[in-house]
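Visitor: Okay, so here is entry_2.txt, and as you'll see once you scroll down, it has compact mmCIF, C-alpha atoms.
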# COMPACT_ATOMS: atom_id res chain seq x y z
CA MET A 1 126.11 86.30 67.26
CA ALA A 2 124.44 88.49 69.85
CA LYS A 3 120.81 87.72 70.64
CA SER A 4 118.10 90.30 70.16
CA LYS A 5 116.03 91.65 73.02
CA SER A 6 113.00 89.62 71.97
CA GLU A 7 115.04 86.41 71.94
CA ARG A 8 116.45 87.12 75.39
CA MET A 9 112.97 87.87 76.75
CA LYS A 10 111.62 84.68 75.17
CA GLU A 11 114.30 82.60 76.89
CA TYR A 12 113.70 84.46 80.16
CA ARG A 13 109.96 83.72 80.04
CA ALA A 14 110.63 80.07 79.24
CA ARG A 15 112.96 79.76 82.25
CA LYS A 16 110.48 81.45 84.57
CA LYS A 17 107.59 79.30 83.36
CA GLU A 18 109.65 76.14 83.81
CA LYS A 19 110.78 77.19 87.28
CA LEU A 20 107.59 78.69 88.78
CA GLY A 21 104.83 77.37 86.53
CA ASP A 22 101.34 78.78 87.12
CA LYS A 23 102.60 81.00 89.92
CA TRP A 24 104.69 83.02 87.49
CA LEU A 25 101.77 83.32 85.05
CA LYS A 26 99.60 84.68 87.86
CA MET A 27 102.29 87.21 88.80
CA GLU A 28 102.53 88.35 85.18
CA ARG A 29 98.75 88.76 84.94
CA ASN A 30 98.70 90.90 88.07
CA ARG A 31 101.61 92.99 86.78
CA VAL A 32 99.97 93.68 83.42
CA ARG A 33 96.58 94.29 85.03
CA ALA A 34 98.07 97.12 87.11
CA TYR A 35 98.67 99.35 84.09
CA TYR A 36 96.33 97.86 81.47
CA THR A 37 93.23 99.86 80.54
CA PRO A 38 90.26 97.94 79.06
CA THR A 39 89.33 98.87 75.51
CA ASP A 40 85.83 99.94 76.54
CA LEU A 41 87.28 102.69 78.73
CA LEU A 42 89.43 104.18 75.97
CA SER A 43 88.38 106.94 73.62
CA ASN A 44 87.30 106.11 70.08
CA GLU A 45 90.64 107.19 68.64
CA GLU A 46 92.64 105.10 71.10
CA GLN A 47 90.36 102.11 70.49
CA ASP A 48 91.02 102.31 66.74
CA LYS A 49 94.78 102.51 67.36
CA ARG A 50 94.78 99.47 69.63
CA ARG A 51 92.65 97.39 67.26
CA SER A 52 94.83 98.34 64.30
CA LYS A 53 97.92 97.35 66.26
CA ASN A 54 96.37 94.00 67.20
CA ARG A 55 95.42 93.28 63.58
CA LYS A 56 98.95 94.02 62.39
CA ALA A 57 100.42 91.76 65.05
CA ALA A 58 98.01 88.95 64.12
CA ARG A 59 98.84 89.24 60.40
CA LYS A 60 102.55 89.22 61.19
CA PHE A 61 102.15 86.13 63.34
CA TYR A 62 100.17 84.22 60.70
CA LYS A 63 102.64 85.21 58.01
CA LYS A 64 105.54 83.96 60.10
CA GLN A 65 103.74 80.69 60.83
CA THR A 66 103.04 80.14 57.12
CA SER A 67 106.60 80.94 56.07
CA ASP A 68 108.03 78.59 58.70
CA LYS A 69 105.82 75.75 57.50
CA SER A 70 106.72 76.34 53.84
CA ILE A 71 110.44 76.48 54.63
CA GLN A 72 110.19 73.27 56.62
CA ALA A 73 108.32 71.50 53.82
CA GLU A 74 110.76 72.75 51.21
CA SER A 75 113.77 71.62 53.19
CA LEU A 76 112.16 68.23 53.68
CA SER A 77 111.44 67.83 49.97
CA ASN A 78 114.96 68.90 48.99
CA SER A 79 116.71 66.66 51.46
CA GLU A 80 114.87 63.44 50.58
CA PRO A 81 114.30 61.81 47.17
CA THR A 82 110.74 61.93 45.85
CA SER A 83 109.16 59.52 43.40
CA VAL A 84 105.85 59.97 41.52
CA ASP A 85 103.93 57.02 40.13
CA GLU A 86 101.54 56.92 37.20
CA ASN A 87 98.54 57.83 39.40
CA GLY A 88 100.11 61.10 40.56
CA VAL A 89 100.98 59.85 44.04
CA SER A 90 104.31 61.16 45.28
CA SER A 91 106.29 59.35 47.96
CA THR A 92 109.37 60.35 49.90
CA THR A 93 111.60 57.68 51.35
CA SER A 94 114.38 57.86 53.86
CA GLU A 95 116.29 55.43 55.99
CA SER A 96 113.73 55.54 58.81
CA THR A 97 110.39 56.77 57.39
CA MET A 98 108.48 56.95 54.14
CA THR A 99 106.14 59.89 53.46
CA VAL A 100 103.36 59.53 50.87
CA LYS A 101 101.52 62.57 49.46
CA PHE A 102 98.19 62.39 47.62
CA HIS A 103 97.24 65.26 45.31
CA PHE A 104 93.49 65.88 45.36
CA GLN A 105 91.75 68.45 43.22
CA CYS A 106 88.82 70.26 44.77
CA ASP A 107 86.81 73.31 43.86
CA THR A 108 87.43 76.01 46.46
CA GLY A 109 85.56 78.79 44.70
CA SER A 110 87.94 81.71 44.90
CA GLY A 111 90.89 79.37 45.37
CA ASN A 112 92.03 81.00 48.57
CA LYS A 113 91.72 79.12 51.80
CA TYR A 114 89.95 81.14 54.44
CA LYS A 115 92.06 81.77 57.47
CA GLY A 116 90.06 82.86 60.44
CA GLY A 117 91.45 84.92 63.24
CA LYS A 118 92.85 83.35 66.31
CA LYS A 119 90.15 82.37 68.76
CA ARG A 120 90.29 84.55 71.80
CA ALA A 121 88.43 84.11 75.03
CA SER A 122 85.96 86.80 75.86
CA ARG A 123 87.65 89.67 77.64
CA ALA A 124 84.60 90.17 79.83
CA LEU A 125 84.73 86.52 80.91
CA LYS A 126 88.41 86.78 81.77
CA LYS A 127 87.74 89.96 83.69
CA SER A 128 84.97 88.29 85.69
CA TYR A 129 87.23 85.35 86.55
CA ARG A 130 89.95 87.71 87.74
CA LYS A 131 87.43 89.68 89.77
CA ILE A 132 86.10 86.51 91.42
CA GLU A 133 89.62 85.43 92.30
CA THR A 134 90.46 88.85 93.74
CA LEU A 135 87.23 89.09 95.74
CA ALA A 136 87.72 85.59 97.12
CA GLY A 137 91.14 86.57 98.44
CA GLU A 138 89.77 89.79 99.94
CA ASN A 139 86.92 87.85 101.55
CA GLU A 140 89.34 85.50 103.30
CA THR A 141 91.38 88.47 104.52
CA LEU A 142 88.29 90.20 105.91
CA LYS A 143 87.18 87.03 107.68
CA ARG A 144 90.53 86.76 109.44
CA LYS A 145 90.39 90.42 110.45
CA LEU A 146 86.84 89.99 111.76
CA LYS A 147 87.82 87.04 113.95
CA THR A 148 90.84 88.92 115.26
CA THR A 149 88.73 91.97 116.13
CA GLN A 150 86.06 89.87 117.84
CA LYS A 151 88.63 88.15 120.03
CA ARG A 152 90.22 91.48 120.87
CA LEU A 153 86.86 92.94 121.91
CA GLN A 154 86.14 89.91 124.06
CA ARG A 155 89.43 90.39 125.88
CA LEU A 156 88.80 94.11 126.39
CA LYS A 157 85.19 93.72 127.49
CA PRO A 158 84.98 94.10 131.30
CA LYS A 159 83.29 91.38 133.24
CA SER A 160 80.28 93.05 134.82
CA SER A 161 78.93 91.40 137.95
CA SER A 162 76.05 92.62 140.07
CA PRO A 163 76.68 93.07 143.83
CA LYS A 164 75.59 90.05 145.85
CA THR A 165 76.44 90.72 149.50
CA PRO A 166 74.79 93.39 151.71
CA LYS A 167 78.09 95.27 152.03
CA SER A 168 78.70 95.37 148.29
CA LYS A 169 75.12 96.48 147.65
CA THR A 170 75.53 99.27 150.21
CA ASP A 171 78.82 100.43 148.69
CA VAL A 172 77.30 100.53 145.20
CA LEU A 173 74.31 102.49 146.46
CA LEU A 174 76.52 105.08 148.18
CA ARG A 175 78.82 105.33 145.17
CA GLN A 176 75.90 105.93 142.82
CA SER A 177 74.66 108.65 145.17
CA GLY A 178 78.06 110.37 145.11
CA ILE A 179 78.83 109.66 148.79
CA ASN A 180 82.14 108.38 150.09
CA SER A 181 81.43 105.41 152.36
CA GLN A 182 84.52 106.11 154.49
CA LYS A 183 83.22 109.57 155.44
CA VAL A 184 79.83 108.28 156.63
CA PRO A 185 80.59 105.03 158.48
CA GLU A 186 77.46 105.24 160.64
CA ILE A 187 75.18 105.61 157.62
CA ARG A 188 76.96 102.74 155.91
CA LYS A 189 76.54 100.58 159.01
CA ARG A 190 72.79 101.19 159.12
CA LEU A 191 72.40 100.55 155.42
CA VAL A 192 74.30 97.29 155.74
CA TYR A 193 72.04 96.31 158.63
CA GLY A 194 68.96 97.11 156.55
CA GLU A 195 70.27 95.00 153.67
CA CYS A 196 70.94 92.14 156.06
CA VAL A 197 67.39 92.29 157.42
CA ASN A 198 66.03 92.41 153.88
CA GLU A 199 68.00 89.30 152.93
CA GLU A 200 66.85 87.45 156.03
CA VAL A 201 63.21 88.30 155.32
CA LYS A 202 63.51 87.07 151.73
CA HIS A 203 65.17 83.87 152.87
CA ALA A 204 62.49 83.22 155.51
CA ILE A 205 59.65 83.78 153.04
CA GLN A 206 61.20 81.43 150.48
CA HIS A 207 62.00 78.58 152.87
CA SER A 208 59.33 78.79 155.59
CA SER A 209 55.62 78.83 154.88
CA ASN A 210 54.62 79.27 158.56
CA ALA A 211 56.77 82.36 159.04
CA LYS A 212 55.31 84.11 156.01
CA GLU A 213 52.27 85.50 157.84
CA SER A 214 54.24 86.64 160.88
CA ILE A 215 56.86 88.35 158.72
CA HIS A 216 54.10 90.01 156.74
CA LYS A 217 52.64 91.42 159.96
CA VAL A 218 56.03 92.79 161.00
CA VAL A 219 56.84 94.51 157.70
CA SER A 220 53.31 95.92 157.40
CA GLY A 221 53.04 97.26 160.95
CA LYS A 222 52.19 100.74 162.17
CA VAL A 223 55.73 102.11 161.93
CA ILE A 224 56.14 101.03 158.31
CA LYS A 225 52.76 102.43 157.39
CA ARG A 226 53.55 105.75 159.07
CA LEU A 227 56.86 106.02 157.19
CA LYS A 228 55.13 105.26 153.89
CA ASP A 229 52.48 107.91 154.54
CA ALA A 230 55.17 110.42 155.51
CA GLY A 231 57.18 109.64 152.37
Go through the file and emit its structure as structure tokens.

Guide:
Amino acid sequence: MAKSKSERMKEYRARKKEKLGDKWLKMERNRVRAYYTPTDLLSNEEQDKRRSKNRKAARKFYKKQTSDKSIQAESLSNSEPTSVDENGVSSTTSESTMTVKFHFQCDTGSGNKYKGGKKRASRALKKSYRKIETLAGENETLKRKLKTTQKRLQRLKPKSSSPKTPKSKTDVLLRQSGINSQKVPEIRKRLVYGECVNEEVKHAIQHSSNAKESIHKVVSGKVIKRLKDAG
């Protein structure tokens, strides 16, 4: 006999769950979440339709569960002999087990056993868990991208170094002034000489206390003063 579509899907889900486990359940949740719209976002008419559909499915499920249990109990009672003693206790015996049933009378009011609906986890709580899981994954991805970008910027960042020698200082000064040092070799030579003298003066002041006064007299002489006044 050919199997129905629901039976084939049930076997397919069982195989997937056995093979992949929680990974398959997570994939299914993500697949359903892609096209599922929360009830709060639906219109009033669509909300009523969805709730009515869920109630019908729940009633159908409970009815099937009850019928399966009754059929199983009936088949068990028909297949095994039952004996009732004088106290109203029925017992069922078989080759391997013996089942004893006690009949108690109790006042249930209306006589119908209340069957509550299936307990369902809060949809908002499930949604928050899914959101936390998604945000955690996105956070890890952003951290990796940030580290990659920082390393890339470090590689692209030029190593800036200030000129240290008199020649390099002179070349930088001419370049900043828009002058080609090769076209004015004499000016470059004099600037290099001036930088050399400046370095020597600084070195003498730092390392010789006796030469400080004499150097001060030289750099503050009449020629220097006249140039300062002219400038």

Visitor: If we count all atoms listed in the file and set the cut-off at 9 Å, which residues sit around A:Arg188, ignoring sequence neighbours fewer than 5 positions away in its own chain? Please answer as a list in words.

Guide: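 Within the cut-off, the hits are Lys167, Thr170, Asp171, Leu174, Ser181, Gln182 and Tyr193 of chain A.
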
Visitor: So how many Å separate atom CA of A:Lys23 and atom CA of A:Thr134, to one decimal?

Guide: 15.0 Å

Visitor: Quick check, in Å to one decimal: how far apart do atom CA of A:Val197 and atom CA of A:Gly178 lie?

Guide: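 Separating atom CA of A:Val197 from atom CA of A:Gly178 is a distance of 24.3 Å.
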
Visitor: Find the distance between atom CA of A:Phe61 and atom CA of A:Gln47 and write it in Å to one decimal.

Guide: 21.1 Å

Visitor: Considering all atoms listed in the file, state which residue in the set A:Leu191, A:Leu20, A:Ala73, A:Ala34 is at the smallest distance from A:Val172.

Guide: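 Closest residue, counting all atoms listed in the file: A:Leu191.
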
Visitor: Which polymer residues have any atom within 10 Å of an atom of A:Arg123, counting only C-alpha atoms, with same-chain residues fewer than 6 positions away left out, as a compact mmCIF listing (two decimals) with C-alpha atoms, keeping the file's coordinate frame?

Guide:
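So the final result, stored in around33.txt, reads:
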# COMPACT_ATOMS: atom_id res chain seq x y z
CA PRO A 38 90.26 97.94 79.06
CA THR A 39 89.33 98.87 75.51
CA TYR A 129 87.23 85.35 86.55
